Structures are given as C-alpha cells and as structure tokens.
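Coordinates from coords-v8.tsv are shown below (TSV, C-alpha atoms).
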```tsv
chain	number	residue	atom	x	y	z
C	1	MET	CA	112.78	-29.37	-46.43
C	2	LYS	CA	112.96	-30.53	-42.87
C	3	ARG	CA	110.14	-29.27	-40.68
C	4	ILE	CA	111.26	-27.49	-37.54
C	5	THR	CA	109.14	-27.98	-34.44
C	6	ILE	CA	109.30	-25.87	-31.33
C	7	PRO	CA	109.33	-27.90	-28.13
C	8	ALA	CA	106.26	-27.39	-26.00
C	9	ILE	CA	108.34	-26.16	-23.08
C	10	ILE	CA	109.67	-23.26	-25.19
C	11	VAL	CA	106.16	-22.33	-26.32
C	12	LEU	CA	105.03	-22.37	-22.70
C	13	ALA	CA	107.96	-20.17	-21.74
C	14	LEU	CA	107.07	-17.66	-24.44
C	15	PHE	CA	103.48	-17.42	-23.26
C	16	THR	CA	104.62	-17.14	-19.65
C	17	ALA	CA	107.00	-14.32	-20.57
C	18	GLN	CA	104.13	-12.47	-22.24
C	19	ALA	CA	102.04	-12.86	-19.11
C	20	TRP	CA	104.87	-11.52	-16.98
C	21	ALA	CA	105.23	-8.53	-19.30
C	22	LYS	CA	101.65	-7.48	-18.60
C	23	THR	CA	101.33	-4.87	-15.86
C	24	GLU	CA	97.99	-4.52	-14.09
C	25	LEU	CA	97.30	-1.29	-12.20
C	26	THR	CA	94.40	0.29	-10.30
C	27	TYR	CA	93.06	3.86	-10.63
C	28	SER	CA	91.02	5.45	-7.84
C	29	ASN	CA	88.76	8.47	-8.46
C	30	PHE	CA	86.06	10.11	-6.34
C	31	PHE	CA	83.98	11.43	-9.25
C	32	PRO	CA	80.83	9.39	-9.95
C	33	PRO	CA	80.96	7.27	-13.14
C	34	THR	CA	78.44	9.50	-14.93
C	35	HIS	CA	80.55	12.66	-14.47
C	36	ILE	CA	82.55	13.75	-17.52
C	37	GLN	CA	85.72	14.00	-15.43
C	38	SER	CA	85.25	10.39	-14.39
C	39	GLN	CA	84.59	9.34	-17.98
C	40	LEU	CA	87.76	11.12	-19.11
C	41	ALA	CA	89.77	9.35	-16.41
C	42	GLU	CA	88.42	6.01	-17.58
C	43	SER	CA	89.24	6.87	-21.20
C	44	TRP	CA	92.80	7.72	-20.04
C	45	CYS	CA	93.07	4.17	-18.70
C	46	LYS	CA	91.90	2.71	-22.00
C	47	GLU	CA	94.29	4.92	-23.96
C	48	VAL	CA	97.21	3.73	-21.85
C	49	GLU	CA	96.29	0.13	-22.59
C	50	LYS	CA	95.95	0.93	-26.30
C	51	ARG	CA	99.26	2.77	-26.69
C	52	THR	CA	101.22	0.25	-24.63
C	53	HIS	CA	99.80	-2.52	-26.84
C	54	GLY	CA	98.05	-4.16	-23.92
C	55	GLU	CA	101.18	-4.27	-21.80
C	56	VAL	CA	99.69	-1.93	-19.17
C	57	VAL	CA	96.11	-2.62	-18.11
C	58	ILE	CA	94.35	-0.38	-15.62
C	59	LYS	CA	91.27	-1.27	-13.57
C	60	TYR	CA	89.22	1.85	-12.87
C	61	PHE	CA	87.43	2.53	-9.56
C	62	PRO	CA	85.12	5.62	-9.62
C	63	ALA	CA	82.94	7.15	-6.89
C	64	GLY	CA	85.45	6.63	-4.07
C	65	THR	CA	85.01	2.86	-4.13
C	66	LEU	CA	88.73	2.17	-3.67
C	67	THR	CA	89.87	5.22	-1.67
C	68	LYS	CA	87.86	8.18	-0.41
C	69	ALA	CA	88.76	11.57	-1.89
C	70	PRO	CA	90.71	12.95	1.11
C	71	GLN	CA	92.69	9.69	1.45
C	72	THR	CA	93.47	9.14	-2.23
C	73	TYR	CA	96.88	10.81	-2.30
C	74	ASP	CA	98.15	8.87	0.72
C	75	GLY	CA	96.45	5.77	-0.63
C	76	VAL	CA	98.57	5.98	-3.77
C	77	VAL	CA	101.73	6.67	-1.76
C	78	GLN	CA	101.03	3.60	0.37
C	79	GLY	CA	100.03	1.39	-2.57
C	80	MET	CA	96.33	1.02	-1.77
C	81	ALA	CA	95.79	2.32	-5.31
C	82	ASP	CA	98.41	2.59	-8.04
C	83	ILE	CA	96.98	5.75	-9.62
C	84	GLY	CA	94.63	8.36	-8.23
C	85	MET	CA	92.82	11.61	-8.92
C	86	THR	CA	91.73	13.94	-6.16
C	87	VAL	CA	91.30	17.54	-5.07
C	88	LEU	CA	94.50	18.95	-3.59
C	89	ALA	CA	92.49	21.25	-1.30
C	90	TYR	CA	91.20	18.20	0.56
C	91	SER	CA	94.70	18.03	2.10
C	92	ARG	CA	94.95	21.62	3.30
C	93	GLY	CA	98.50	22.80	3.91
C	94	ARG	CA	100.13	19.78	2.28
C	95	PHE	CA	100.63	21.34	-1.15
C	96	PRO	CA	101.63	24.97	-0.45
C	97	VAL	CA	102.96	25.77	-3.93
C	98	ALA	CA	99.96	24.29	-5.75
C	99	ALA	CA	97.63	26.08	-3.33
C	100	ALA	CA	98.49	29.34	-5.10
C	101	ILE	CA	96.62	28.10	-8.17
C	102	ASP	CA	93.33	28.01	-6.26
C	103	LEU	CA	93.51	31.62	-5.08
C	104	PRO	CA	90.69	34.00	-6.13
C	105	MET	CA	92.50	35.31	-9.20
C	106	GLY	CA	89.34	35.91	-11.21
C	107	TYR	CA	89.50	32.84	-13.43
C	108	SER	CA	87.36	32.89	-16.56
C	109	SER	CA	87.53	29.29	-17.81
C	110	GLY	CA	88.68	25.74	-17.10
C	111	VAL	CA	91.06	25.84	-20.06
C	112	GLN	CA	92.71	28.92	-18.60
C	113	ALA	CA	92.90	27.48	-15.07
C	114	THR	CA	94.26	24.14	-16.33
C	115	LYS	CA	96.92	25.89	-18.39
C	116	VAL	CA	97.96	27.97	-15.38
C	117	ALA	CA	98.07	24.89	-13.12
C	118	ASN	CA	100.41	22.94	-15.36
C	119	ALA	CA	102.55	26.03	-16.05
C	120	VAL	CA	103.08	26.38	-12.28
C	121	LEU	CA	103.97	22.69	-12.08
C	122	THR	CA	106.50	22.95	-14.90
C	123	HIS	CA	108.05	26.25	-13.84
C	124	PHE	CA	108.35	25.69	-10.09
C	125	ALA	CA	108.69	21.87	-9.95
C	126	PRO	CA	107.37	21.76	-6.36
C	127	LYS	CA	108.94	19.13	-4.09
C	128	GLU	CA	105.60	18.63	-2.34
C	129	PHE	CA	104.71	15.99	-4.95
C	130	ASP	CA	107.99	14.06	-4.62
C	131	ASP	CA	106.40	11.06	-2.89
C	132	THR	CA	104.39	10.22	-6.03
C	133	ARG	CA	104.93	10.44	-9.77
C	134	LEU	CA	102.69	13.33	-10.79
C	135	MET	CA	100.92	12.74	-14.11
C	136	PHE	CA	99.27	16.15	-14.62
C	137	LEU	CA	97.01	18.79	-13.08
C	138	HIS	CA	93.69	20.18	-14.25
C	139	ALA	CA	91.36	22.81	-12.82
C	140	HIS	CA	87.73	23.82	-13.20
C	141	GLY	CA	86.25	27.08	-14.45
C	142	PRO	CA	85.26	30.01	-12.22
C	143	GLY	CA	84.00	28.97	-8.80
C	144	LEU	CA	80.89	31.03	-8.02
C	145	ILE	CA	78.56	31.40	-5.04
C	146	HIS	CA	75.19	29.67	-5.26
C	147	THR	CA	72.42	30.04	-2.69
C	148	ARG	CA	69.27	28.15	-1.86
C	149	ASP	CA	66.67	30.67	-0.66
C	150	LYS	CA	68.26	34.11	-0.61
C	151	GLU	CA	69.36	36.37	-3.45
C	152	VAL	CA	72.84	37.77	-2.92
C	153	HIS	CA	73.60	41.12	-4.53
C	154	THR	CA	75.93	42.79	-2.06
C	155	LEU	CA	78.49	41.79	0.54
C	156	ALA	CA	75.93	42.62	3.21
C	157	ASP	CA	73.64	39.92	1.79
C	158	LEU	CA	76.29	37.28	2.58
C	159	LYS	CA	76.43	38.07	6.29
C	160	GLY	CA	75.34	35.10	8.37
C	161	LEU	CA	74.98	32.69	5.44
C	162	LYS	CA	76.47	29.22	5.87
C	163	LEU	CA	78.14	28.12	2.63
C	164	ARG	CA	79.72	24.76	1.85
C	165	GLY	CA	83.28	25.18	0.69
C	166	THR	CA	86.70	23.59	1.03
C	167	GLY	CA	90.21	24.94	0.91
C	168	THR	CA	90.49	28.30	-0.80
C	169	SER	CA	86.77	28.57	-1.52
C	170	GLY	CA	86.14	28.51	2.23
C	171	LEU	CA	88.73	31.23	2.80
C	172	VAL	CA	87.10	33.38	0.13
C	173	GLN	CA	83.67	32.85	1.68
C	174	ALA	CA	84.97	33.98	5.07
C	175	ALA	CA	86.68	37.04	3.56
C	176	LEU	CA	83.42	38.03	1.92
C	177	GLY	CA	81.55	37.76	5.21
C	178	ALA	CA	79.89	34.32	4.98
C	179	SER	CA	80.44	31.33	7.27
C	180	PRO	CA	82.22	28.46	5.48
C	181	VAL	CA	81.30	24.85	6.19
C	182	GLY	CA	84.15	22.57	5.14
C	183	LYS	CA	82.58	19.50	3.58
C	184	SER	CA	83.35	17.57	0.38
C	185	MET	CA	81.33	17.86	-2.82
C	186	ARG	CA	79.87	14.38	-2.26
C	187	GLU	CA	78.06	15.74	0.84
C	188	CYS	CA	76.92	18.99	-0.75
C	189	TYR	CA	73.58	17.92	-2.28
C	190	GLN	CA	72.10	16.54	0.92
C	191	MET	CA	73.35	19.47	2.99
C	192	LEU	CA	71.62	21.90	0.64
C	193	GLN	CA	68.50	19.77	0.34
C	194	LYS	CA	68.11	19.53	4.12
C	195	GLY	CA	68.95	23.19	4.71
C	196	VAL	CA	72.10	22.40	6.71
C	197	VAL	CA	73.82	25.09	4.61
C	198	ASP	CA	72.38	28.13	2.83
C	199	GLY	CA	74.51	27.75	-0.25
C	200	SER	CA	77.73	26.55	-1.79
C	201	SER	CA	80.73	27.76	-3.74
C	202	HIS	CA	81.19	25.60	-6.82
C	203	PRO	CA	81.79	25.83	-10.56
C	204	VAL	CA	78.75	26.12	-12.79
C	205	GLU	CA	79.26	22.57	-14.08
C	206	SER	CA	78.41	21.13	-10.66
C	207	ASN	CA	74.81	22.23	-11.10
C	208	LYS	CA	74.45	19.34	-13.52
C	209	GLY	CA	77.46	17.14	-12.77
C	210	TRP	CA	76.49	16.84	-9.11
C	211	LYS	CA	72.80	17.78	-9.64
C	212	LEU	CA	73.20	20.83	-7.38
C	213	GLY	CA	71.00	22.85	-9.72
C	214	GLU	CA	68.09	20.96	-8.16
C	215	VAL	CA	68.79	22.36	-4.69
C	216	VAL	CA	70.16	25.87	-5.32
C	217	HIS	CA	68.09	28.65	-6.86
C	218	TYR	CA	70.43	31.63	-7.22
C	219	MET	CA	73.86	32.01	-8.82
C	220	VAL	CA	75.96	35.10	-8.11
C	221	GLN	CA	78.35	35.91	-10.96
C	222	ASN	CA	81.15	37.01	-8.65
C	223	PHE	CA	83.81	36.66	-11.35
C	224	SER	CA	86.22	39.11	-9.69
C	225	THR	CA	86.68	36.68	-6.80
C	226	ALA	CA	86.38	33.51	-8.87
C	227	TYR	CA	88.68	30.79	-7.60
C	228	THR	CA	89.48	27.43	-9.11
C	229	THR	CA	90.09	24.00	-7.61
C	230	THR	CA	93.18	22.07	-8.64
C	231	PHE	CA	92.85	18.35	-9.33
C	232	ALA	CA	95.89	16.09	-9.55
C	233	VAL	CA	96.43	12.74	-11.24
C	234	PHE	CA	99.38	10.83	-9.76
C	235	MET	CA	100.96	7.37	-9.68
C	236	ASN	CA	102.77	5.33	-7.06
C	237	LYS	CA	106.50	5.94	-7.57
C	238	ASP	CA	107.50	2.28	-7.34
C	239	LYS	CA	104.87	1.25	-9.90
C	240	TRP	CA	106.03	4.02	-12.23
C	241	ALA	CA	109.67	2.90	-11.88
C	242	LYS	CA	108.73	-0.64	-12.91
C	243	LEU	CA	107.32	0.51	-16.25
C	244	THR	CA	109.58	0.29	-19.28
C	245	PRO	CA	110.97	3.49	-20.86
C	246	ASP	CA	108.63	3.03	-23.83
C	247	GLN	CA	105.61	2.62	-21.55
C	248	GLN	CA	106.58	5.72	-19.58
C	249	LYS	CA	107.04	7.70	-22.79
C	250	ALA	CA	103.58	6.68	-24.02
C	251	ILE	CA	101.95	7.69	-20.73
C	252	LYS	CA	103.73	11.07	-20.69
C	253	GLU	CA	102.36	11.80	-24.16
C	254	ILE	CA	98.85	10.77	-23.09
C	255	ASN	CA	99.12	12.96	-19.97
C	256	GLU	CA	99.79	16.05	-22.05
C	257	GLU	CA	96.79	15.34	-24.27
C	258	TRP	CA	94.41	14.43	-21.45
C	259	SER	CA	95.29	17.45	-19.33
C	260	ALA	CA	94.03	19.65	-22.16
C	261	LYS	CA	90.95	17.42	-22.59
C	262	HIS	CA	90.06	17.86	-18.93
C	263	GLY	CA	90.29	21.65	-19.25
C	264	VAL	CA	88.02	21.72	-22.29
C	265	ALA	CA	85.61	19.33	-20.57
C	266	TRP	CA	85.30	21.68	-17.60
C	267	ASP	CA	84.21	24.50	-19.92
C	268	ASN	CA	81.78	22.34	-21.85
C	269	SER	CA	80.37	21.15	-18.54
C	270	ASP	CA	79.95	24.74	-17.38
C	271	LYS	CA	77.71	25.39	-20.39
C	272	GLU	CA	75.64	22.30	-19.62
C	273	GLY	CA	75.54	23.22	-15.95
C	274	MET	CA	74.16	26.66	-16.78
C	275	GLU	CA	71.45	25.17	-18.98
C	276	PHE	CA	70.52	22.67	-16.28
C	277	PHE	CA	70.45	25.37	-13.60
C	278	LYS	CA	68.13	27.55	-15.66
C	279	SER	CA	65.93	24.60	-16.60
C	280	LYS	CA	65.29	24.07	-12.90
C	281	GLY	CA	64.20	27.68	-12.52
C	282	GLY	CA	67.55	29.00	-11.32
C	283	LYS	CA	68.15	32.74	-11.42
C	284	VAL	CA	71.50	34.25	-12.44
C	285	LEU	CA	72.48	37.41	-10.55
C	286	SER	CA	75.00	39.67	-12.28
C	287	GLN	CA	77.23	42.22	-10.59
C	288	SER	CA	77.97	45.84	-11.43
C	289	ASP	CA	81.59	46.91	-11.89
C	290	ALA	CA	81.43	48.83	-8.63
C	291	GLU	CA	80.14	45.87	-6.65
C	292	SER	CA	82.60	43.56	-8.35
C	293	LYS	CA	85.50	45.77	-7.22
C	294	LYS	CA	84.19	45.76	-3.65
C	295	TRP	CA	84.20	41.95	-3.63
C	296	ALA	CA	87.71	41.82	-5.10
C	297	ALA	CA	88.97	44.22	-2.41
C	298	ALA	CA	87.32	42.13	0.30
C	299	ALA	CA	88.93	38.93	-1.00
C	300	ALA	CA	92.40	40.45	-1.52
C	301	PRO	CA	93.57	39.52	2.02
C	302	VAL	CA	93.20	35.84	1.06
C	303	ILE	CA	96.05	36.31	-1.41
C	304	ASP	CA	98.07	38.45	1.00
C	305	ASN	CA	97.66	35.91	3.80
C	306	TYR	CA	98.75	33.12	1.47
C	307	ILE	CA	101.95	34.99	0.60
C	308	GLU	CA	102.69	35.60	4.28
C	309	LYS	CA	101.92	32.02	5.30
C	310	VAL	CA	104.08	30.26	2.69
C	311	ALA	CA	106.98	32.65	3.33
C	312	LYS	CA	107.39	30.85	6.66
C	313	LYS	CA	108.00	27.66	4.67
C	314	GLY	CA	110.63	29.32	2.51
C	315	ILE	CA	108.30	29.71	-0.49
C	316	ASP	CA	108.25	32.94	-2.50
C	317	GLY	CA	104.48	33.48	-2.63
C	318	LYS	CA	104.82	36.82	-4.37
C	319	ALA	CA	106.67	35.18	-7.26
C	320	LEU	CA	104.01	32.48	-7.48
C	321	VAL	CA	101.14	34.94	-7.53
C	322	LYS	CA	102.85	37.15	-10.11
C	323	PHE	CA	103.63	34.12	-12.30
C	324	ILE	CA	99.97	33.08	-12.23
C	325	GLN	CA	98.72	36.58	-12.99
C	326	ASP	CA	101.20	36.88	-15.89
C	327	ASN	CA	100.05	33.56	-17.34
C	328	MET	CA	96.30	34.10	-17.15
```
Here is a file; write its structure as structure tokens.
Amino acid sequence: MKRITIPAIIVLALFTAQAWAKTELTYSNFFPPTHIQSQLAESWCKEVEKRTHGEVVIKYFPAGTLTKAPQTYDGVVQGMADIGMTVLAYSRGRFPVAAAIDLPMGYSSGVQATKVANAVLTHFAPKEFDDTRLMFLHAHGPGLIHTRDKEVHTLADLKGLKLRGTGTSGLVQAALGASPVGKSMRECYQMLQKGVVDGSSHPVESNKGWKLGEVVHYMVQNFSTAYTTTFAVFMNKDKWAKLTPDQQKAIKEINEEWSAKHGVAWDNSDKEGMEFFKSKGGKVLSQSDAESKKWAAAAAPVIDNYIEKVAKKGIDGKALVKFIQDNM
C-alpha cells in the first residue's frame, strides 16, 4: 500500500488556520480578585474557553486594572475592553429603564433581585443597551444603612449624617433625611475609616467582601426601603458579531447559568458578611413594623419621582414599577 504524505506547506496551512480560528478577548471588572463576584466572572471566562473548545480565550482583568468602574461601559463600546462588568448606577441617567430595578422596593435577597433584573431585561428589551451586546444582569441582596459611631433607630437619628451612596441608594438616603456622598465602593473603606462619612448604604455582603465590617459598627435592618444595585455584563458588539453561531450559542447558555450563580453568590455572601460584621463587634438594629412603615412612606417619593422623570423620556415608569412588584 502506497504511503501518502502530506506536503509540509499543507500542514503549515492547517496549523495557521487553527491559529486564526482562535479568538482572544479581554474582560474588565472592578471587583477585587478575592471577591466572589470577581471569582465568578473569572470562572465565566474559563467556562467560555471550555465550551468553545479553546476557540475563545478570555484574559481577565479584575480590580479596575483595565478600565475603572465608571468608564467600563464606554470602554467596552470603544473597544478598550471586549467584555466588562460594572454598576449601572455609576452612569446615572444613562439606563433609565434598568434604573427602575434599583428602586427601594423592599428586596429580600440577591436571587430575587437578580430574577427581577433579568425579567425586566427580557420583558422590556430596553434600547439603552443597544450599543453593546448585553450578556446578563445580576443584583445584590437588600441594601441597608450602616453607621460608624451612631445607632440609628428612627428617621430623626439620620438627620445630619453623611452616608456614602451612589445612584438610587443616594436618593433613598436623601429621602430618609441623611446627606448622601456619591462615591464608589472602592473609596468607601477609607472614607469610613477616616471619618469623612458617618456611614454607608451597602448590602450585608460588603461587610466582608469589601472589609467594611471593620469600619462600621451598626447595621439598621431597614428592609422596607431596601434597594438593590444592578450589575451588567456586556460585550463589544463588533467582537460579538465576529463569533461563530456555535460560539454565540455556547455563551448564551453560559450566561443563563452564571446569572443565577451570581444571584446565589450574593445571598451566600450576605450570610458571610453578617458573620464577619458580628465577629468585629457589629450591632444589628431591628425595626418595629410602625417604624418600618414610616421609612417606607418617607422613601415613596423616590419611586414617584422616578416615574415622573422617565415619563419625560417616553418611558412608562408606572408599568415598570408594577412589573417589578408583580415579579418579586
């Protein structure tokens, strides 16, 4: 039997074709590498490589090393990063439909908030994300008020307190009588440590995830005004379009799985954050039903103002709010 040999030039062409088939992407995230949300993002990258059989390889950049949190969305649009995760509230006014998710609806868990976020995305298909390919949304558990030196039991106790908060959390703080200071989570620890602010609005997980339990001593369980913060994972549209249909299909399937993972991780992190907070001597302050209703009434204008504001942009805020309430 005659032996068939493949000319070297054909072998070289085959290897070259394989190299061309490999797509290398970058992923920018502001969470530090030790944070569970950062670790999940990195595992998403590895899962994409696995399910695309090594055809799509993603280099992961945590801790804002590629783009800072407020610039991540534009960075992906402009191609500075191919994929990104950031807080939508860092771009106030840019995502009016998604902003409804963050309202003080009285969220009880990250799983619940994440489910609501993606339901809004699917049902309303907001055009505000049209300049990227949105992968999925996720959202943390109830955002609560934490203070450094003063116990807060009533609305009167909040008067004059400076609290770090961004987006909706800042609006809620103002409605409750505090003075919001709009700074990112990365700046929060030092601001609390140095006494620049008296407290912060953040989910319980941040007490461990961002070590805030070391610099706050009181947690108010203001569940009736609990907000969430929506996080988005998105890809540059041109880079998405260059992927093959099979690669896109694999990523869509991963997105659905990882969105749920992020929601569960927020709740698990809340449990760890509570343990860490208490281990540092933190005191949890509960609210009576009567006080809880007072806080809810005080925060209600935040929702009303949202509805009025987005109406000017042709958005039916009432429908959005009702949809969220019906899906909680």
As a CSV table (one decimal) with C-alpha atoms, in the frame of the given file, please: the residues near Lys313 of chain C (cut-off 12 Å, only C-alpha atoms, same-chain neighbours under 5 positions excluded).
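Saved result, around34.csv, follows:
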```csv
chain,number,residue,atom,x,y,z
C,93,GLY,CA,98.5,22.8,3.9
C,94,ARG,CA,100.1,19.8,2.3
C,95,PHE,CA,100.6,21.3,-1.2
C,96,PRO,CA,101.6,25.0,-0.4
C,97,VAL,CA,103.0,25.8,-3.9
C,128,GLU,CA,105.6,18.6,-2.3
C,306,TYR,CA,98.8,33.1,1.5
C,307,ILE,CA,102.0,35.0,0.6
C,308,GLU,CA,102.7,35.6,4.3
```
Minimum-distance residue to Ala156 of chain C, chosen among C:His262, C:His140, C:Lys294, C:Lys309 (using only C-alpha atoms):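 Closest candidate: C:Lys294.
Taking atom CA of Arg164 of chain C as the reference point, atom CA of Leu176 of chain C is found at 13.8 Å.
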Nearest residue to Asn305 of chain C from the set C:Thr225, C:Leu155, C:Thr52, C:Thr168 (distances using all atoms listed in the file):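 Ranking C:Thr225, C:Leu155, C:Thr52, C:Thr168 by distance to Asn305 of chain C, first place goes to C:Thr168.
Comparing the minimum interatomic distances between Tyr73 of chain C and each of C:Asp130, C:Glu272, C:Asp157, C:Asp304, counting only C-alpha atoms, we find that C:Asp130 sits nearest.
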Which of these residues is nearest to Gly167 of chain C, using only C-alpha atoms: C:Ser108, C:Ser269, C:Ser279, C:Ser91?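 Going through C:Ser108, C:Ser269, C:Ser279, C:Ser91 one by one, the smallest distance to Gly167 of chain C is for C:Ser91.
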Determine the nearest neighbour of Ala69 of chain C from the options C:Ala178, C:Val111, C:Val56, C:Ala232, counting all atoms listed in the file.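 Answer, going by the shortest atom-to-atom distance: C:Ala232.
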Atom CA of Thr67 of chain C and atom CA of Tyr189 of chain C, how far apart in Å?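 So the two atoms, atom CA of Tyr189 of chain C and atom CA of Thr67 of chain C, lie 20.7 Å apart.
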Between C:Tyr60, C:Phe129, C:Tyr90, C:Phe31, which is the closest to Asn236 of chain C once you count only C-alpha atoms?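 Smallest separation from Asn236 of chain C among the options: C:Phe129.
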Find the residues near Gly213 of chain C: any atom within 10 Å, counting all atoms listed in the file, skip ones fewer than 4 places away on the same chain, and give them as a list in words.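 After dropping sequence-adjacent residues, the list is His146, Arg148, Tyr189, Val204, Glu205, Ser206, Asn207, Lys208, Gly209, His217, Tyr218, Met219, Gly273, Met274, Glu275, Phe276, Phe277, Lys278, Ser279, Lys280, Gly281 and Gly282 of chain C.
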Taking (84.0, 43.7, -9.6) in the file's coordinates as the center, which residues reach within 10 Å of it, counting all atoms listed in the file, put as a VMD selection string? chain C and resid 106 221 to 225 287 to 297
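Note that the spacing between atom CA of Gly195 of chain C and atom CA of Tyr107 of chain C amounts to 29.1 Å.
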Extract, using all atoms listed in the file, all DNA, RNA and protein residues at most 8 Å from Phe231 of chain C, discarding same-chain residues fewer than 2 positions from it, and format them as a list in words.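 In the requested form, the answer reads Met85, Thr86, Val87, Leu88, Leu137, His138, Ala139, Thr229 and Val233 of chain C.
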Find the residues near Ala319 of chain C: any atom within 12 Å, counting only C-alpha atoms, skip ones fewer than 6 places away on the same chain, and give them as a PyMOL selection string. chain C and resi 97+100+120+123-124+306-307+310-311+325-326
Place a sphere of radius 12 Å on (104.9, 14.4, -20.9) in the file coordinates and name every protein, DNA or RNA residue with an atom inside or on its surface, counting only C-alpha atoms; give the answer as a ChimeraX atom specification. /C:118,122,133-137,247-259
Arg186 of chain C surroundings by all atoms listed in the file, 12 Å radius, close-in-sequence under 6 positions cut, as a CSV table (one decimal) with C-alpha atoms, in the coordinates of the input:
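Writing the result to out-v9.csv gives the following:
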```
chain,number,residue,atom,x,y,z
C,30,PHE,CA,86.1,10.1,-6.3
C,31,PHE,CA,84.0,11.4,-9.2
C,32,PRO,CA,80.8,9.4,-10.0
C,63,ALA,CA,82.9,7.2,-6.9
C,64,GLY,CA,85.4,6.6,-4.1
C,68,LYS,CA,87.9,8.2,-0.4
C,69,ALA,CA,88.8,11.6,-1.9
C,70,PRO,CA,90.7,13.0,1.1
C,164,ARG,CA,79.7,24.8,1.8
C,165,GLY,CA,83.3,25.2,0.7
C,166,THR,CA,86.7,23.6,1.0
C,192,LEU,CA,71.6,21.9,0.6
C,206,SER,CA,78.4,21.1,-10.7
C,209,GLY,CA,77.5,17.1,-12.8
C,210,TRP,CA,76.5,16.8,-9.1
C,211,LYS,CA,72.8,17.8,-9.6
C,212,LEU,CA,73.2,20.8,-7.4
```
Box for segment 70-86 of chain C - axis-aligned, 5 Å on each of the six sides, all listed atoms - centre and size in Å to one decimal, as lines of an AutoDock Vina configuration file.
```
center_x = 96.2
center_y = 7.5
center_z = -4.1
size_x = 21.0
size_y = 22.9
size_z = 21.1
```
Got a sec to write segment 137-151 of chain C of the block to a file, C-alpha atoms, as a CSV table (one decimal), in the first residue's frame?
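Writing done, so here's result_25.csv:
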```csv
chain,number,residue,atom,x,y,z
C,137,LEU,CA,-27.7,41.3,34.7
C,138,HIS,CA,-27.4,40.4,38.4
C,139,ALA,CA,-28.2,42.3,41.5
C,140,HIS,CA,-27.3,42.1,45.2
C,141,GLY,CA,-29.5,41.5,48.2
C,142,PRO,CA,-31.1,44.2,50.3
C,143,GLY,CA,-29.1,47.4,50.6
C,144,LEU,CA,-29.1,48.5,54.2
C,145,ILE,CA,-27.8,51.5,56.1
C,146,HIS,CA,-24.6,51.0,58.2
C,147,THR,CA,-23.1,53.6,60.5
C,148,ARG,CA,-19.8,54.1,62.2
C,149,ASP,CA,-20.4,55.7,65.6
C,150,LYS,CA,-24.2,56.4,65.9
C,151,GLU,CA,-27.1,54.0,66.4
```
